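Enquirer: Mind having a look at this structure? Questions to follow.
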Amino acid sequence: MQTVATLVLASGNAGKLKEFNALLSPLGFDVRPQSDFSVSEVEETGLTFVENALLKAREASRISGLPALADDSGLEVDALKGAPGIYSARFAGEPKSDARNNQKLLQALSECPEGQRSGRYWCVLVYLRHAEDPVPVIVQRSWEGEILAHPRGEGGFGYDALFWVPEQAMSAAELPAEEKNRLSHRGRALQGLVDMLQVVHG
Ligand SMILES: O=P(O)(O)OP(=O)(O)OP(=O)(O)OC[C@H]1O[C@@H](n2cnc3c(O)ncnc32)[C@H](O)[C@@H]1O
Ligand SMILES: [Mg+2]
């Protein structure tokens with residue numbers, strides 16, 4: 001297949017990289033992880049997903065000299081006033097650990113009854129043509145769900161085993177990968193981004 005574009009993925013998260021590859025490779029994108037260029041993790045100092053995604057994309061593009069795609073995402077839980085939000089990756093502190101983050105989430109909701117455990121994943125994608133691109137392409141999507149009281153399923157990453165998807169009657173970790181990519185915050189944001197790239201950049 002003809003390569004439509006080469007880009008660097010500004011993420012060190014193996015779960016995200018797997019999902020991006022599955023979605024972008026069939027569309028003809030040559031997707032390179034930022035580790036190929038020894039891009040190190042930037043400090044995520046923003047107060048919004050979009051600021052953090054911009055910081056990540058800019059750094060990856062600056063170091064690699066390629067267009068960059070960054071994802072800043074997280075889980076917003078209503079009963080926790082939106083936490084862990086932009087702090088989802090480091091909810092239980094450093095070093096980042098999905099297992100400890102999940103434990104902390106269960107603990108924080110231990111008194112919260114069924115029916116009051118609503119939440120959503122957010123994904124903000126930023127695409128930069130180059131490090132100083134003044135016209136970033138930005139797409140944000142959410143995915144509604146409920147936080148389970150016990151983990152279910154082995155797939156996905158992050159909080160997926162605790163994220164119940166009512167329409168499918170499964171946790172995100174029980175959904176087949178293609179199904180998660182079709183429904184998820186990241187999958188739908190990426191679809192939106194690809195559509196916008198065709199309009200904005202031809
Ligand atoms: O910044 P990069 O290098 O991309 O990797 P990261 O894991 O630090 O990524 P974020 O800063 O964007 O934090 C997002 C966190 O939100 C959670 N998360 C986001 N999308 C998710 C998904 O599809 N399934 C499960 N958890 C998700 C998960 O805990 C991630 O670590
Ligand atoms: Mg991060």
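Order determines the names: the first chain of the structure tokens is A, the second B, and so forth; residues in each chain are numbered 1 upward, and ligands are numbered 1 upward as they are shown.
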Identify, with DSSP run on backbone atoms, the residues in range 19-192 of chain A assigned to strand (DSSP E), and express the list as a PyMOL selection string.
Expert: chain A and resi 29-33+68-77+118-128+137-147+163-165+170-171
Enquirer: If you keep N, CA and C atoms, can you produce a file of those selected residues as a CSV table (one decimal), in the first residue's frame?
Expert:
chain,number,residue,atom,x,y,z
A,29,PHE,N,-0.7,4.8,7.0
A,29,PHE,CA,0.3,5.6,7.7
A,29,PHE,C,1.5,4.8,8.1
A,30,ASP,N,2.7,5.4,8.0
A,30,ASP,CA,3.9,4.8,8.5
A,30,ASP,C,4.1,5.4,9.9
A,31,VAL,N,3.8,4.6,10.9
A,31,VAL,CA,3.7,5.1,12.2
A,31,VAL,C,5.0,4.7,13.0
A,32,ARG,N,5.7,5.7,13.5
A,32,ARG,CA,7.0,5.4,14.2
A,32,ARG,C,6.9,5.8,15.6
A,33,PRO,N,7.2,4.9,16.6
A,33,PRO,CA,7.1,5.3,18.0
A,33,PRO,C,8.2,6.3,18.3
A,68,ALA,N,4.0,14.9,14.1
A,68,ALA,CA,3.8,14.2,15.3
A,68,ALA,C,2.3,14.1,15.7
A,69,LEU,N,1.9,12.9,16.3
A,69,LEU,CA,0.6,12.7,16.8
A,69,LEU,C,0.8,12.4,18.3
A,70,ALA,N,0.1,13.2,19.2
A,70,ALA,CA,0.1,12.9,20.6
A,70,ALA,C,-1.3,12.7,21.1
A,71,ASP,N,-1.4,11.9,22.2
A,71,ASP,CA,-2.6,11.6,22.8
A,71,ASP,C,-2.5,11.9,24.3
A,72,ASP,N,-3.3,12.8,24.8
A,72,ASP,CA,-3.4,12.9,26.3
A,72,ASP,C,-4.8,12.5,26.6
A,73,SER,N,-4.9,11.5,27.6
A,73,SER,CA,-6.2,10.9,27.9
A,73,SER,C,-6.3,10.6,29.3
A,74,GLY,N,-7.5,10.3,29.7
A,74,GLY,CA,-7.7,10.0,31.1
A,74,GLY,C,-9.2,9.6,31.5
A,75,LEU,N,-9.4,9.3,32.7
A,75,LEU,CA,-10.7,8.8,33.2
A,75,LEU,C,-11.3,9.9,34.1
A,76,GLU,N,-12.5,10.3,33.8
A,76,GLU,CA,-13.2,11.3,34.7
A,76,GLU,C,-14.3,10.6,35.4
A,77,VAL,N,-14.3,10.6,36.7
A,77,VAL,CA,-15.3,9.9,37.5
A,77,VAL,C,-16.1,11.0,38.3
A,118,SER,N,-20.8,6.6,37.7
A,118,SER,CA,-20.7,7.0,36.3
A,118,SER,C,-19.4,7.7,36.0
A,119,GLY,N,-18.9,7.6,34.8
A,119,GLY,CA,-17.6,8.2,34.4
A,119,GLY,C,-17.4,8.1,32.9
A,120,ARG,N,-16.3,8.7,32.5
A,120,ARG,CA,-16.0,8.6,31.0
A,120,ARG,C,-14.5,8.7,30.8
A,121,TYR,N,-14.1,8.1,29.8
A,121,TYR,CA,-12.7,8.3,29.3
A,121,TYR,C,-12.8,9.5,28.4
A,122,TRP,N,-11.7,10.3,28.4
A,122,TRP,CA,-11.5,11.4,27.5
A,122,TRP,C,-10.2,11.1,26.7
A,123,CYS,N,-10.2,11.4,25.4
A,123,CYS,CA,-9.0,11.4,24.6
A,123,CYS,C,-8.9,12.7,23.8
A,124,VAL,N,-7.8,13.3,24.0
A,124,VAL,CA,-7.5,14.5,23.1
A,124,VAL,C,-6.3,14.2,22.3
A,125,LEU,N,-6.5,14.3,21.0
A,125,LEU,CA,-5.4,14.0,20.0
A,125,LEU,C,-4.9,15.4,19.4
A,126,VAL,N,-3.6,15.5,19.3
A,126,VAL,CA,-3.0,16.7,18.7
A,126,VAL,C,-2.1,16.2,17.6
A,127,TYR,N,-2.3,16.8,16.4
A,127,TYR,CA,-1.4,16.5,15.3
A,127,TYR,C,-0.7,17.8,14.8
A,128,LEU,N,0.6,17.7,14.8
A,128,LEU,CA,1.4,18.9,14.4
A,128,LEU,C,2.2,18.5,13.1
A,137,VAL,N,-3.9,20.3,14.6
A,137,VAL,CA,-5.2,19.7,14.4
A,137,VAL,C,-5.5,19.0,15.8
A,138,ILE,N,-6.7,19.4,16.4
A,138,ILE,CA,-7.1,18.9,17.7
A,138,ILE,C,-8.4,18.3,17.7
A,139,VAL,N,-8.5,17.0,18.2
A,139,VAL,CA,-9.8,16.4,18.3
A,139,VAL,C,-10.0,15.8,19.7
A,140,GLN,N,-11.2,16.0,20.3
A,140,GLN,CA,-11.4,15.4,21.6
A,140,GLN,C,-12.7,14.6,21.5
A,141,ARG,N,-12.7,13.4,22.1
A,141,ARG,CA,-13.8,12.5,22.2
A,141,ARG,C,-13.9,11.9,23.6
A,142,SER,N,-15.1,11.5,24.0
A,142,SER,CA,-15.3,10.8,25.3
A,142,SER,C,-16.0,9.5,25.1
A,143,TRP,N,-15.9,8.6,26.1
A,143,TRP,CA,-16.6,7.3,26.0
A,143,TRP,C,-17.2,7.1,27.4
A,144,GLU,N,-18.5,7.0,27.4
A,144,GLU,CA,-19.3,6.9,28.7
A,144,GLU,C,-19.2,5.5,29.3
A,145,GLY,N,-19.2,5.4,30.6
A,145,GLY,CA,-19.2,4.1,31.2
A,145,GLY,C,-19.5,4.2,32.7
A,146,GLU,N,-19.3,3.1,33.4
A,146,GLU,CA,-19.4,3.0,34.8
A,146,GLU,C,-18.2,2.3,35.4
A,147,ILE,N,-17.9,2.7,36.6
A,147,ILE,CA,-16.7,2.1,37.3
A,147,ILE,C,-17.2,0.9,38.1
A,163,PHE,N,-13.7,-0.5,33.7
A,163,PHE,CA,-14.6,0.4,33.0
A,163,PHE,C,-15.7,-0.4,32.3
A,164,TRP,N,-16.9,-0.3,32.8
A,164,TRP,CA,-18.0,-1.0,32.3
A,164,TRP,C,-18.7,-0.2,31.2
A,165,VAL,N,-18.9,-1.0,30.1
A,165,VAL,CA,-19.5,-0.3,28.9
A,165,VAL,C,-20.9,-0.9,28.8
A,170,MET,N,-20.2,-5.3,28.8
A,170,MET,CA,-18.8,-5.9,29.0
A,170,MET,C,-17.9,-4.8,29.6
A,171,SER,N,-16.8,-5.2,30.2
A,171,SER,CA,-15.8,-4.2,30.6
A,171,SER,C,-15.0,-3.9,29.3
Enquirer: Ligand 1: which residues are within 9 Å, counting only C-alpha atoms and all ligand atoms? Reply as a count of residues only.
Expert: 56
Enquirer: Compare A:Ala169, A:Val135, A:Leu55, A:Val8 by their minimum atom-to-atom distance to ligand 2, counting only C-alpha atoms and all ligand atoms, and give me the closest one.
Expert: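 That would be A:Leu55, the residue with the smallest distance to ligand 2.
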Enquirer: Which residues in range 105-141 of chain A does DSSP call alpha helix (DSSP H)? List them as an MDAnalysis selection string.
Expert: chainID A and resid 105:108
Enquirer: Please produce an output containing C-alpha atoms for each residue in the selection, written as a PDB file, in the first residue's frame.
Expert:
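Written output follows (part-v2.pdb):
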ATOM      1  CA  LEU A 105      -9.721   3.943  42.228  1.00  0.00           C
ATOM      2  CA  LEU A 106     -11.497   0.970  43.819  1.00  0.00           C
ATOM      3  CA  GLN A 107     -10.600   2.264  47.261  1.00  0.00           C
ATOM      4  CA  ALA A 108     -11.819   5.795  46.477  1.00  0.00           C
TER       5      ALA A 108
END
Enquirer: Can you work out which one of A:Glu59, A:Thr3, A:Lys81, A:Glu132 has the shortest atom-to-atom distance to Glu43 in chain A, counting only C-alpha atoms?
Expert: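 Among A:Glu59, A:Thr3, A:Lys81, A:Glu132, it is A:Glu59 that comes nearest to Glu43 in chain A.
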Enquirer: Counting only C-alpha atoms and all ligand atoms, which of A:Ala57, A:Asn21, A:Leu183, A:Pro151 gets nearest to ligand 2?
Expert: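 Checking each candidate against ligand 2, we get A:Ala57 as the closest.
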Enquirer: Kindly indicate which residue among A:Pro95, A:Ala5, A:Ser25, A:Leu193 lies nearest to ligand 2, using only C-alpha atoms and all ligand atoms for the distances.
Expert: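 Residue with the minimum atom-to-atom distance to ligand 2: A:Pro95.
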Enquirer: Using only C-alpha atoms, pick whichever of A:Ser64, A:Asp78, A:Leu7, A:Ala149 has the shortest atom-to-atom distance to Glu111 in chain A.
Expert: A:Ala149
Enquirer: Have a look at A:Glu154, A:Gln2, A:Ser40, A:Gly82 and name the one nearest to ligand 2; count only C-alpha atoms and all ligand atoms.
Expert: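 For ligand 2, the nearest of the candidates is A:Ser40.
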Enquirer: Quick one: distance from CA of Gly46 in chain A to CA of Arg188 in chain A in Å, one decimal?
Expert: 23.4 Å
